[in-house]
$ cat upload-v9.csv   # CSV, C-alpha atoms
chain,number,residue,atom,x,y,z
B,1,MET,CA,-23.0,34.3,-16.0
B,2,CYS,CA,-21.8,32.1,-13.1
B,3,PHE,CA,-23.3,28.9,-11.7
B,4,HIS,CA,-22.5,28.0,-8.1
B,5,ILE,CA,-21.6,24.5,-7.5
B,6,ASN,CA,-20.8,22.3,-4.5
B,7,VAL,CA,-17.0,22.2,-4.3
B,8,ALA,CA,-15.2,19.0,-3.8
B,9,TYR,CA,-12.0,20.5,-2.4
B,10,ALA,CA,-8.7,19.9,-4.3
B,11,GLN,CA,-5.6,19.0,-2.4
B,12,PRO,CA,-3.1,21.7,-3.3
B,13,GLY,CA,-0.7,20.4,-0.7
B,14,ASN,CA,0.0,17.4,-3.0
B,15,LYS,CA,2.4,19.0,-5.4
B,16,ALA,CA,3.2,15.8,-7.3
B,17,GLU,CA,-0.4,15.6,-8.4
B,18,ASP,CA,-0.7,19.3,-9.2
B,19,SER,CA,2.4,19.2,-11.4
B,20,MET,CA,0.9,16.5,-13.5
B,21,GLN,CA,-2.1,18.5,-14.4
B,22,PRO,CA,-2.2,19.2,-18.2
B,23,ASP,CA,-2.9,22.9,-17.7
B,24,LEU,CA,-2.7,24.5,-14.3
B,25,LEU,CA,-4.3,27.7,-15.6
B,26,THR,CA,-7.6,26.0,-16.6
B,27,ARG,CA,-10.5,25.4,-14.2
B,28,THR,CA,-10.6,21.8,-13.0
B,29,ASP,CA,-13.6,19.8,-11.8
B,30,ASP,CA,-12.5,20.6,-8.2
B,31,ASP,CA,-12.5,24.4,-8.8
B,32,ALA,CA,-15.5,26.7,-8.3
B,33,PRO,CA,-15.8,29.5,-10.8
B,34,PHE,CA,-13.7,32.6,-10.6
B,35,CYS,CA,-16.2,35.1,-12.0
B,36,GLU,CA,-16.2,38.6,-13.6
B,37,ASN,CA,-18.6,39.8,-10.8
B,38,PRO,CA,-16.8,39.8,-7.5
B,39,ALA,CA,-20.0,39.3,-5.6
B,40,ASP,CA,-20.5,36.0,-7.4
B,41,SER,CA,-16.9,34.8,-7.5
B,42,TYR,CA,-14.8,32.4,-5.7
B,43,THR,CA,-11.1,33.2,-5.1
B,44,LEU,CA,-8.2,32.0,-7.2
B,45,PRO,CA,-7.5,28.3,-6.5
B,46,ALA,CA,-4.8,27.6,-4.0
B,47,ARG,CA,-2.4,26.3,-6.6
B,48,PHE,CA,-1.9,29.8,-7.9
B,49,TYR,CA,-0.1,30.6,-4.6
B,50,LEU,CA,1.8,27.3,-4.3
B,51,ASP,CA,2.8,26.0,-7.7
B,52,GLU,CA,6.4,26.7,-8.9
B,53,ASP,CA,5.3,26.3,-12.6
B,54,ILE,CA,2.7,29.0,-12.2
B,55,PHE,CA,5.3,31.2,-10.4
B,56,GLN,CA,7.6,30.7,-13.4
B,57,LYS,CA,4.8,31.7,-15.8
B,58,GLU,CA,4.3,34.9,-13.8
B,59,GLN,CA,7.9,36.0,-14.5
B,60,ASP,CA,7.3,36.7,-18.2
B,61,ALA,CA,3.6,37.3,-18.2
B,62,ILE,CA,3.6,39.7,-15.3
B,63,PHE,CA,6.9,41.0,-14.1
B,64,HIS,CA,8.8,41.2,-17.3
B,65,ALA,CA,5.9,42.9,-19.0
B,66,ASN,CA,4.9,45.7,-16.6
B,67,TRP,CA,6.4,48.7,-14.8
B,68,TRP,CA,8.6,47.8,-11.8
B,69,TYR,CA,9.6,50.3,-9.1
B,70,ALA,CA,13.4,50.8,-9.1
B,71,GLY,CA,14.0,53.8,-6.8
B,72,HIS,CA,13.6,57.5,-6.4
B,73,THR,CA,15.0,60.5,-8.3
B,74,SER,CA,16.6,61.8,-5.1
B,75,GLN,CA,18.9,58.7,-5.3
B,76,LEU,CA,19.9,59.8,-8.8
B,77,ALA,CA,20.3,63.5,-8.3
B,78,GLY,CA,23.6,64.0,-10.1
B,79,ASN,CA,25.1,63.0,-13.4
B,80,GLY,CA,26.7,59.6,-13.0
B,81,ASP,CA,24.5,58.5,-10.1
B,82,TYR,CA,23.2,55.0,-10.5
B,83,LEU,CA,21.2,52.3,-8.8
B,84,THR,CA,20.7,48.7,-9.5
B,85,CYS,CA,17.6,46.5,-9.2
B,86,ALA,CA,16.5,43.0,-10.2
B,87,VAL,CA,13.2,42.0,-11.9
B,88,GLY,CA,13.2,38.3,-11.2
B,89,ASP,CA,16.5,37.0,-12.7
B,90,GLN,CA,16.9,40.1,-14.9
B,91,ASN,CA,19.4,42.6,-13.5
B,92,VAL,CA,19.1,46.3,-14.5
B,93,PHE,CA,20.7,49.6,-13.6
B,94,VAL,CA,19.4,53.1,-13.9
B,95,VAL,CA,21.9,56.0,-14.4
B,96,ARG,CA,21.7,59.7,-14.9
B,97,ASP,CA,23.8,60.5,-18.0
B,98,ARG,CA,26.0,63.5,-18.8
B,99,THR,CA,23.0,65.5,-20.1
B,100,GLY,CA,20.9,64.9,-16.9
B,101,GLU,CA,18.7,62.3,-18.6
B,102,LEU,CA,17.8,59.1,-16.8
B,103,ARG,CA,18.7,55.9,-18.7
B,104,ALA,CA,18.2,52.2,-17.8
B,105,PHE,CA,20.1,49.3,-19.2
B,106,TYR,CA,20.4,45.5,-18.7
B,107,ASN,CA,23.2,45.2,-16.1
B,108,VAL,CA,25.4,43.0,-18.3
B,109,CYS,CA,28.6,43.5,-20.2
B,110,GLN,CA,28.3,42.8,-23.9
B,111,HIS,CA,31.6,41.0,-24.0
B,112,ARG,CA,31.2,37.8,-21.9
B,113,GLY,CA,28.2,38.6,-19.8
B,114,HIS,CA,29.7,39.8,-16.5
B,115,GLU,CA,27.5,42.1,-14.3
B,116,LEU,CA,28.7,45.7,-14.5
B,117,LEU,CA,27.4,47.5,-11.4
B,118,ASN,CA,26.4,46.6,-7.9
B,119,GLY,CA,24.3,48.5,-5.4
B,120,ALA,CA,24.2,52.3,-5.9
B,121,GLY,CA,26.8,55.0,-6.3
B,122,ARG,CA,28.3,57.4,-8.7
B,123,THR,CA,30.6,56.8,-11.6
B,124,ASN,CA,32.1,58.7,-14.6
B,125,VAL,CA,32.6,55.6,-16.7
B,126,ILE,CA,31.0,52.1,-16.4
B,127,VAL,CA,33.9,49.6,-16.4
B,128,CYS,CA,33.3,45.9,-16.4
B,129,PRO,CA,35.2,44.3,-13.5
B,130,TYR,CA,36.0,41.2,-15.6
B,131,HIS,CA,37.9,42.4,-18.7
B,132,ALA,CA,37.6,46.2,-18.3
B,133,TRP,CA,35.4,46.9,-21.2
B,134,SER,CA,34.1,50.4,-20.6
B,135,TYR,CA,30.9,52.2,-21.4
B,136,ASP,CA,29.8,55.8,-21.4
B,137,LEU,CA,26.8,56.8,-19.4
B,138,ASP,CA,24.6,56.7,-22.5
B,139,GLY,CA,25.4,52.9,-22.9
B,140,SER,CA,27.9,53.2,-25.7
B,141,LEU,CA,31.0,51.1,-25.7
B,142,ILE,CA,34.0,53.4,-25.5
B,143,GLY,CA,36.8,51.0,-24.6
B,144,ALA,CA,37.6,47.4,-25.3
B,145,ARG,CA,41.2,46.3,-24.8
B,146,ASN,CA,43.1,44.6,-27.6
B,147,THR,CA,40.3,45.0,-30.2
B,148,ALA,CA,41.8,47.9,-32.2
B,149,LYS,CA,43.3,45.6,-34.9
B,150,MET,CA,40.5,43.0,-34.9
B,151,ALA,CA,38.9,42.7,-38.3
B,152,GLY,CA,35.2,43.4,-38.4
B,153,PHE,CA,35.0,44.6,-34.8
B,154,SER,CA,33.0,47.8,-34.3
B,155,LYS,CA,32.3,49.4,-30.9
B,156,CYS,CA,28.9,50.4,-32.2
B,157,ASP,CA,27.8,46.8,-32.3
B,158,PHE,CA,28.3,46.4,-28.5
B,159,SER,CA,26.3,49.1,-26.8
B,160,LEU,CA,24.4,48.2,-23.7
B,161,LYS,CA,20.8,47.0,-24.2
B,162,PRO,CA,18.4,49.7,-23.1
B,163,VAL,CA,15.3,49.3,-20.8
B,164,GLN,CA,12.4,51.6,-20.6
B,165,VAL,CA,12.5,54.1,-17.7
B,166,GLU,CA,10.0,56.6,-16.4
B,167,VAL,CA,9.6,58.9,-13.5
B,168,PHE,CA,6.2,59.0,-11.7
B,169,CYS,CA,5.7,61.3,-8.7
B,170,GLY,CA,9.4,61.2,-8.1
B,171,LEU,CA,9.5,57.4,-8.2
B,172,VAL,CA,11.6,55.7,-10.9
B,173,PHE,CA,10.1,52.8,-12.8
B,174,ILE,CA,11.6,50.4,-15.4
B,175,ASN,CA,9.9,48.1,-17.9
B,176,LEU,CA,11.6,45.2,-19.7
B,177,ASP,CA,8.9,45.3,-22.4
B,178,SER,CA,10.1,47.9,-24.9
B,179,ALA,CA,6.6,48.2,-26.4
B,180,ALA,CA,4.8,48.8,-23.1
B,181,ALA,CA,2.7,51.9,-22.9
B,182,PRO,CA,4.0,54.7,-20.7
B,183,LEU,CA,3.1,54.3,-17.0
B,184,SER,CA,1.6,57.8,-16.9
B,185,VAL,CA,-0.9,56.7,-19.6
B,186,GLN,CA,-1.8,53.4,-17.9
B,187,THR,CA,-2.4,54.9,-14.4
B,188,GLY,CA,-5.1,57.5,-15.3
B,189,ASN,CA,-5.7,59.7,-12.3
B,190,LEU,CA,-3.3,58.1,-9.9
B,191,GLU,CA,-0.8,60.9,-10.0
B,192,SER,CA,-3.4,63.6,-9.3
B,193,GLU,CA,-4.7,61.5,-6.4
B,194,ILE,CA,-1.3,61.1,-4.8
B,195,ARG,CA,-0.6,64.8,-5.2
B,196,SER,CA,-4.0,65.7,-3.6
B,197,TYR,CA,-2.9,63.9,-0.4
B,198,CYS,CA,0.8,64.9,-0.6
B,199,PRO,CA,1.0,68.2,-2.5
B,200,ASP,CA,4.7,68.4,-1.6
B,201,VAL,CA,5.6,65.2,-3.3
B,202,ASP,CA,8.2,66.9,-5.4
B,203,GLN,CA,10.1,68.1,-2.3
B,204,LEU,CA,10.4,64.6,-0.8
B,205,ALA,CA,13.7,62.7,-0.8
B,206,PHE,CA,14.7,59.2,0.2
B,207,ALA,CA,15.1,58.7,3.9
B,208,GLN,CA,15.4,55.0,4.6
B,209,ARG,CA,14.7,51.4,3.5
B,210,ASP,CA,13.1,48.8,5.7
B,211,THR,CA,13.4,45.2,4.6
B,212,TYR,CA,11.1,42.3,5.6
B,213,HIS,CA,11.1,38.6,4.8
B,214,ALA,CA,7.8,36.7,4.7
B,215,THR,CA,7.3,33.0,4.1
B,216,CYS,CA,4.4,33.4,1.7
B,217,ASN,CA,3.6,34.0,-1.9
B,218,TRP,CA,3.8,37.6,-3.1
B,219,LYS,CA,0.1,37.6,-4.0
B,220,VAL,CA,-0.9,36.7,-0.4
B,221,MET,CA,0.8,39.9,0.7
B,222,ILE,CA,-1.1,42.0,-1.9
B,223,ASP,CA,-4.4,40.3,-1.2
B,224,ASN,CA,-4.0,41.3,2.5
B,225,PHE,CA,-3.2,45.0,1.6
B,226,LEU,CA,-6.3,45.3,-0.6
B,227,GLU,CA,-8.9,44.8,2.1
B,228,CYS,CA,-9.6,46.1,5.6
B,229,TYR,CA,-12.0,43.3,6.4
B,230,HIS,CA,-9.3,42.1,8.8
B,231,CYS,CA,-8.4,45.5,10.2
B,232,HIS,CA,-10.8,45.5,13.2
B,233,THR,CA,-9.6,42.1,14.3
B,234,ALA,CA,-5.9,42.3,13.5
B,235,HIS,CA,-4.8,46.0,13.6
B,236,ARG,CA,-6.0,47.6,16.8
B,237,ASP,CA,-3.7,50.6,16.5
B,238,PHE,CA,-4.5,51.3,12.9
B,239,VAL,CA,-8.2,51.3,13.7
B,240,ASP,CA,-7.5,53.7,16.6
B,241,LEU,CA,-5.7,56.0,14.0
B,242,VAL,CA,-8.1,55.8,11.1
B,243,ASP,CA,-11.9,56.5,10.9
B,244,MET,CA,-13.0,53.2,9.5
B,245,GLU,CA,-16.5,54.5,8.7
B,246,SER,CA,-14.9,56.6,5.9
B,247,TYR,CA,-12.5,53.9,4.6
B,248,ARG,CA,-13.3,53.0,1.0
B,249,SER,CA,-11.5,51.0,-1.7
B,250,GLU,CA,-12.0,51.7,-5.4
B,251,ALA,CA,-10.6,49.7,-8.3
B,252,LYS,CA,-9.4,51.8,-11.3
B,253,GLY,CA,-7.7,50.0,-14.2
B,254,ILE,CA,-4.2,48.9,-13.0
B,255,TYR,CA,-4.5,50.5,-9.6
B,256,SER,CA,-6.8,50.8,-6.7
B,257,SER,CA,-7.2,53.4,-4.0
B,258,HIS,CA,-7.7,52.7,-0.3
B,259,ILE,CA,-8.6,55.9,1.5
B,260,SER,CA,-9.9,57.1,4.9
B,261,ASN,CA,-10.8,60.7,4.6
B,262,ALA,CA,-10.6,61.4,8.4
B,263,ALA,CA,-8.3,60.5,11.2
B,264,LYS,CA,-10.1,59.0,14.2
B,265,SER,CA,-7.8,60.8,16.6
B,266,THR,CA,-4.4,62.6,16.6
B,267,GLU,CA,-3.8,61.1,20.0
B,268,ASN,CA,-3.9,57.4,19.3
B,269,SER,CA,-2.1,54.2,20.0
B,270,ALA,CA,-0.3,54.1,16.5
B,271,TYR,CA,1.5,57.5,16.7
B,272,GLN,CA,0.6,61.1,17.7
B,273,PHE,CA,0.6,63.8,15.1
B,274,GLU,CA,-0.5,67.3,14.3
B,275,LYS,CA,-2.8,67.7,11.3
B,276,GLY,CA,-1.1,69.0,8.3
B,277,ASP,CA,-2.2,71.1,5.3
B,278,VAL,CA,-4.1,68.2,4.0
B,279,ASP,CA,-6.4,66.6,6.6
B,280,PHE,CA,-7.1,62.9,6.1
B,281,GLY,CA,-6.8,59.6,8.0
B,282,TYR,CA,-4.8,57.4,5.6
B,283,ALA,CA,-4.2,57.1,1.9
B,284,GLY,CA,-3.0,54.0,0.2
B,285,TRP,CA,-2.8,52.8,-3.4
B,286,TYR,CA,-2.0,49.5,-5.0
B,287,LEU,CA,-0.2,49.7,-8.4
B,288,TRP,CA,0.0,46.6,-10.6
B,289,PRO,CA,1.8,44.3,-10.3
B,290,ASN,CA,3.6,44.4,-6.9
B,291,LEU,CA,3.7,47.9,-5.4
B,292,THR,CA,1.8,49.7,-2.7
B,293,ILE,CA,2.0,53.4,-2.0
B,294,TRP,CA,1.2,54.9,1.4
B,295,ALA,CA,0.6,58.4,2.8
B,296,TYR,CA,0.1,58.8,6.6
B,297,PRO,CA,-1.6,61.9,8.1
B,298,GLY,CA,0.5,64.7,9.6
B,299,GLU,CA,3.6,66.0,8.0
B,300,PRO,CA,4.2,65.3,4.3
B,301,ASN,CA,5.4,61.8,3.6
B,302,ILE,CA,5.1,59.0,1.0
B,303,SER,CA,6.4,55.4,1.3
B,304,VAL,CA,6.3,52.5,-1.1
B,305,LEU,CA,6.1,48.9,-0.1
B,306,GLN,CA,7.3,46.5,-2.9
B,307,MET,CA,6.5,42.8,-2.7
B,308,VAL,CA,9.4,41.0,-4.5
B,309,PRO,CA,8.8,37.3,-5.1
B,310,ASP,CA,11.5,34.9,-4.0
B,311,GLY,CA,10.1,31.7,-5.4
B,312,ALA,CA,6.4,30.6,-5.0
B,313,GLY,CA,6.5,30.5,-1.2
B,314,ASN,CA,8.7,33.5,-0.1
B,315,THR,CA,8.5,37.2,-0.5
B,316,ILE,CA,11.0,40.0,0.3
B,317,GLU,CA,9.4,43.3,1.1
B,318,TYR,CA,11.1,46.6,0.6
B,319,GLN,CA,9.6,49.7,2.2
B,320,ASP,CA,11.2,53.0,1.1
B,321,TRP,CA,10.3,56.2,2.9
B,322,PHE,CA,10.4,59.7,1.4
B,323,VAL,CA,10.2,62.8,3.5
B,324,PRO,CA,11.0,66.5,3.1
B,325,GLY,CA,14.7,66.9,2.6
B,326,GLY,CA,15.3,63.2,3.3
B,327,THR,CA,15.5,63.7,7.1
B,328,PRO,CA,12.5,62.5,9.1
B,329,THR,CA,11.2,64.6,12.0
B,330,PRO,CA,10.4,63.1,15.4
B,331,GLN,CA,6.7,62.8,14.3
B,332,LEU,CA,7.6,60.9,11.1
B,333,ILE,CA,10.1,58.7,13.0
B,334,ASP,CA,7.2,57.7,15.2
B,335,ALA,CA,5.1,56.9,12.1
B,336,MET,CA,7.9,54.9,10.6
B,337,LYS,CA,8.5,53.0,13.8
B,338,TYR,CA,4.8,52.1,14.0
B,339,GLN,CA,4.9,50.7,10.5
B,340,LYS,CA,8.1,48.8,11.1
B,341,ASP,CA,7.5,47.5,14.6
B,342,ILE,CA,3.8,46.9,14.7
B,343,LEU,CA,1.8,47.0,11.5
B,344,GLN,CA,4.2,45.1,9.2
B,345,PRO,CA,4.8,42.3,11.7
B,346,GLU,CA,1.0,42.0,12.2
B,347,ASP,CA,0.5,41.6,8.5
B,348,ILE,CA,3.4,39.3,7.9
B,349,SER,CA,2.1,37.0,10.6
B,350,LEU,CA,-1.4,36.9,9.0
B,351,CYS,CA,0.0,36.2,5.6
B,352,GLU,CA,2.4,33.5,6.7
B,353,SER,CA,-0.6,31.7,8.3
B,354,VAL,CA,-2.6,32.0,5.1
B,355,GLN,CA,0.3,30.5,3.2
B,356,ARG,CA,0.3,27.5,5.5
B,357,GLY,CA,-3.5,27.2,5.2
B,358,LEU,CA,-3.3,27.3,1.4
B,359,LYS,CA,-1.3,24.1,1.6
B,360,SER,CA,-4.0,22.3,3.6
B,361,LYS,CA,-5.9,19.4,2.0
B,362,GLY,CA,-9.0,21.0,3.6
B,363,TYR,CA,-8.9,24.2,1.5
B,364,ASN,CA,-8.9,25.2,-2.2
B,365,GLN,CA,-10.9,28.4,-2.6
B,366,GLY,CA,-13.1,30.8,-0.6
B,367,ARG,CA,-15.7,33.4,-1.5
B,368,PHE,CA,-15.1,37.1,-1.7
B,369,VAL,CA,-17.1,39.0,0.9
B,370,VAL,CA,-18.5,41.8,-1.2
B,371,ASP,CA,-21.4,44.2,-0.1
B,372,SER,CA,-23.4,46.4,-2.3
B,373,ASP,CA,-22.1,49.6,-0.6
B,374,ARG,CA,-18.5,48.6,-1.2
B,375,SER,CA,-17.9,49.4,2.5
B,376,GLU,CA,-14.7,49.2,4.4
B,377,LEU,CA,-15.4,45.5,4.9
B,378,SER,CA,-15.8,44.6,1.2
B,379,GLU,CA,-13.2,42.5,-0.6
B,380,HIS,CA,-13.9,43.8,-4.2
B,381,ALA,CA,-10.4,45.2,-4.5
B,382,VAL,CA,-8.9,41.8,-3.8
B,383,HIS,CA,-11.0,40.4,-6.7
B,384,HIS,CA,-9.8,43.2,-8.9
B,385,PHE,CA,-6.2,42.2,-8.3
B,386,GLN,CA,-6.8,38.5,-8.7
B,387,LYS,CA,-8.5,39.2,-12.0
B,388,LEU,CA,-5.5,41.1,-13.2
B,389,VAL,CA,-3.4,38.0,-12.3
B,390,ALA,CA,-5.8,35.6,-14.1
B,391,ASP,CA,-6.0,37.8,-17.2
B,392,ALA,CA,-2.2,38.3,-17.4
B,393,LEU,CA,-1.7,34.5,-17.2
B,394,ASP,CA,-4.6,33.9,-19.7
B,395,ALA,CA,-6.2,31.6,-17.1
B,396,ASP,CA,-9.6,30.1,-18.0
B,397,LEU,CA,-11.2,29.7,-14.6
B,398,GLU,CA,-14.9,30.8,-15.1
B,399,GLY,CA,-16.3,28.2,-17.4
$ encode --input "upload-v9.csv" --output "structure tokens"
Amino acid sequence: MCFHINVAYAQPGNKAEDSMQPDLLTRTDDDAPFCENPADSYTLPARFYLDEDIFQKEQDAIFHANWWYAGHTSQLAGNGDYLTCAVGDQNVFVVRDRTGELRAFYNVCQHRGHELLNGAGRTNVIVCPYHAWSYDLDGSLIGARNTAKMAGFSKCDFSLKPVQVEVFCGLVFINLDSAAAPLSVQTGNLESEIRSYCPDVDQLAFAQRDTYHATCNWKVMIDNFLECYHCHTAHRDFVDLVDMESYRSEAKGIYSSHISNAAKSTENSAYQFEKGDVDFGYAGWYLWPNLTIWAYPGEPNISVLQMVPDGAGNTIEYQDWFVPGGTPTPQLIDAMKYQKDILQPEDISLCESVQRGLKSKGYNQGRFVVDSDRSELSEHAVHHFQKLVADALDADLEG
């Protein structure tokens, strides 16, 4: 049960005072309750988007404990193909071994800690650039110069440290938590939902990556994705593309769906298209903790937009596009151009303004706008995400 109170707003812009709080994750006298029921709840306090200590807590509690998008199987098509990625300050590489199996390892030599691989490419043997220790594609140490006569030295003791890896709808994920449940188990019906809107998902290949930089917390970006309350005022072209009357969001465990079952028009200000085998307006999904998945109407396509934190106040966004054969048609090029040149800049501008507002001494929390019909204007999916954050951090914000 929640009790509404008159809020004496905190001053999250005063970082010196915030940092002196005994527990930033516990509700203060200045906070209104963050409740189980989204219709009763206030939002997370502003310090959750501003405080570097909270950001540091998120590294282990959220990012190091959950599945993280790393790439696509089309980028790892042949034996020896590899790609690298970073989960916070933890560098990892994924490689296809000599048997065709995908493997992931911490990207660090077991001799003196030098990084092994950069970027993406193909290799037959993994050789450390520092002292030339060499590893097979299964992570085993196969060469270490000047160690043959060392007493008590065994190559078996210096294999690379493995990381969980899993393929989901052609997307490659890693997890630093060796005990984490498989992604396929955690995501329930998400795969079948994606395949219902893109039956050709297995024929898609990597086409391009677009990179964006936003001066805001990573959670601000995800909050924005999870509601279309702002779409009519901020995304004129998107509303011209999508039938907003059919747009609905639904929270489901560690993901949520955001679907418009009809296109408003094939001749619209976003981009023109011909209806494909699956007729819909827009399909999007949020996957905990920091990935969104998109499918636009028309020819088969999937893209992912990953929000990568860069400190408490900055985010790097990577949007990877996957299309049949890896080569976009003119129609898909138009869709990608709309996303890159119009929709993303609109959202980034909104989110950067929110981040500036979160620092204001005149703001600490707002209320979720939630209607009983869970319409296209309802913010219940934002609450779902913020609750995942609060639960992961073991925050006590209701009482």
$ residues_around --input "upload-v9.csv" --residues "Pro289 of chain B" --least-positions-apart "4" --cutoff "8 Å" --atoms "all atoms listed in the file" --output "MDAnalysis selection string"
chainID B and resid 62:63 66:68
$ residues_near_point --input "upload-v9.csv" --point "(22.0, 53.8, -10.5)" --cutoff "6 Å" --atoms "all atoms listed in the file" --output "MDAnalysis selection string"
chainID B and resid 81:84 93:95 120
$ residues_around --input "upload-v9.csv" --residues "segment 173-176 of chain B" --least-positions-apart "2" --cutoff "6 Å" --atoms "all atoms listed in the file" --output "MDAnalysis selection string"
chainID B and resid 64 66:70 163:166
$ atom_distance --input "upload-v9.csv" --atom1 "atom CA of Leu25 of chain B" --atom2 "atom CA of Gln56 of chain B"
12.5 Å
$ atom_distance --input "upload-v9.csv" --atom1 "atom CA of Ile126 of chain B" --atom2 "atom CA of Leu102 of chain B"
14.9 Å
$ residues_around --input "upload-v9.csv" --residues "Ser353 of chain B" --least-positions-apart "2" --cutoff "12 Å" --atoms "all atoms listed in the file" --output "PyMOL selection string"
chain B and resi 214-217+220-221+224+313+346-351+355-360
$ closest_residue --input "upload-v9.csv" --among "B:Tyr286, B:Tyr296, B:Phe238, B:Tyr229" --to "Cys198 of chain B" --atoms "only C-alpha atoms"
B:Tyr296
$ atom_distance --input "upload-v9.csv" --atom1 "atom CA of Asp138 of chain B" --atom2 "atom CA of Ser184 of chain B"
23.7 Å
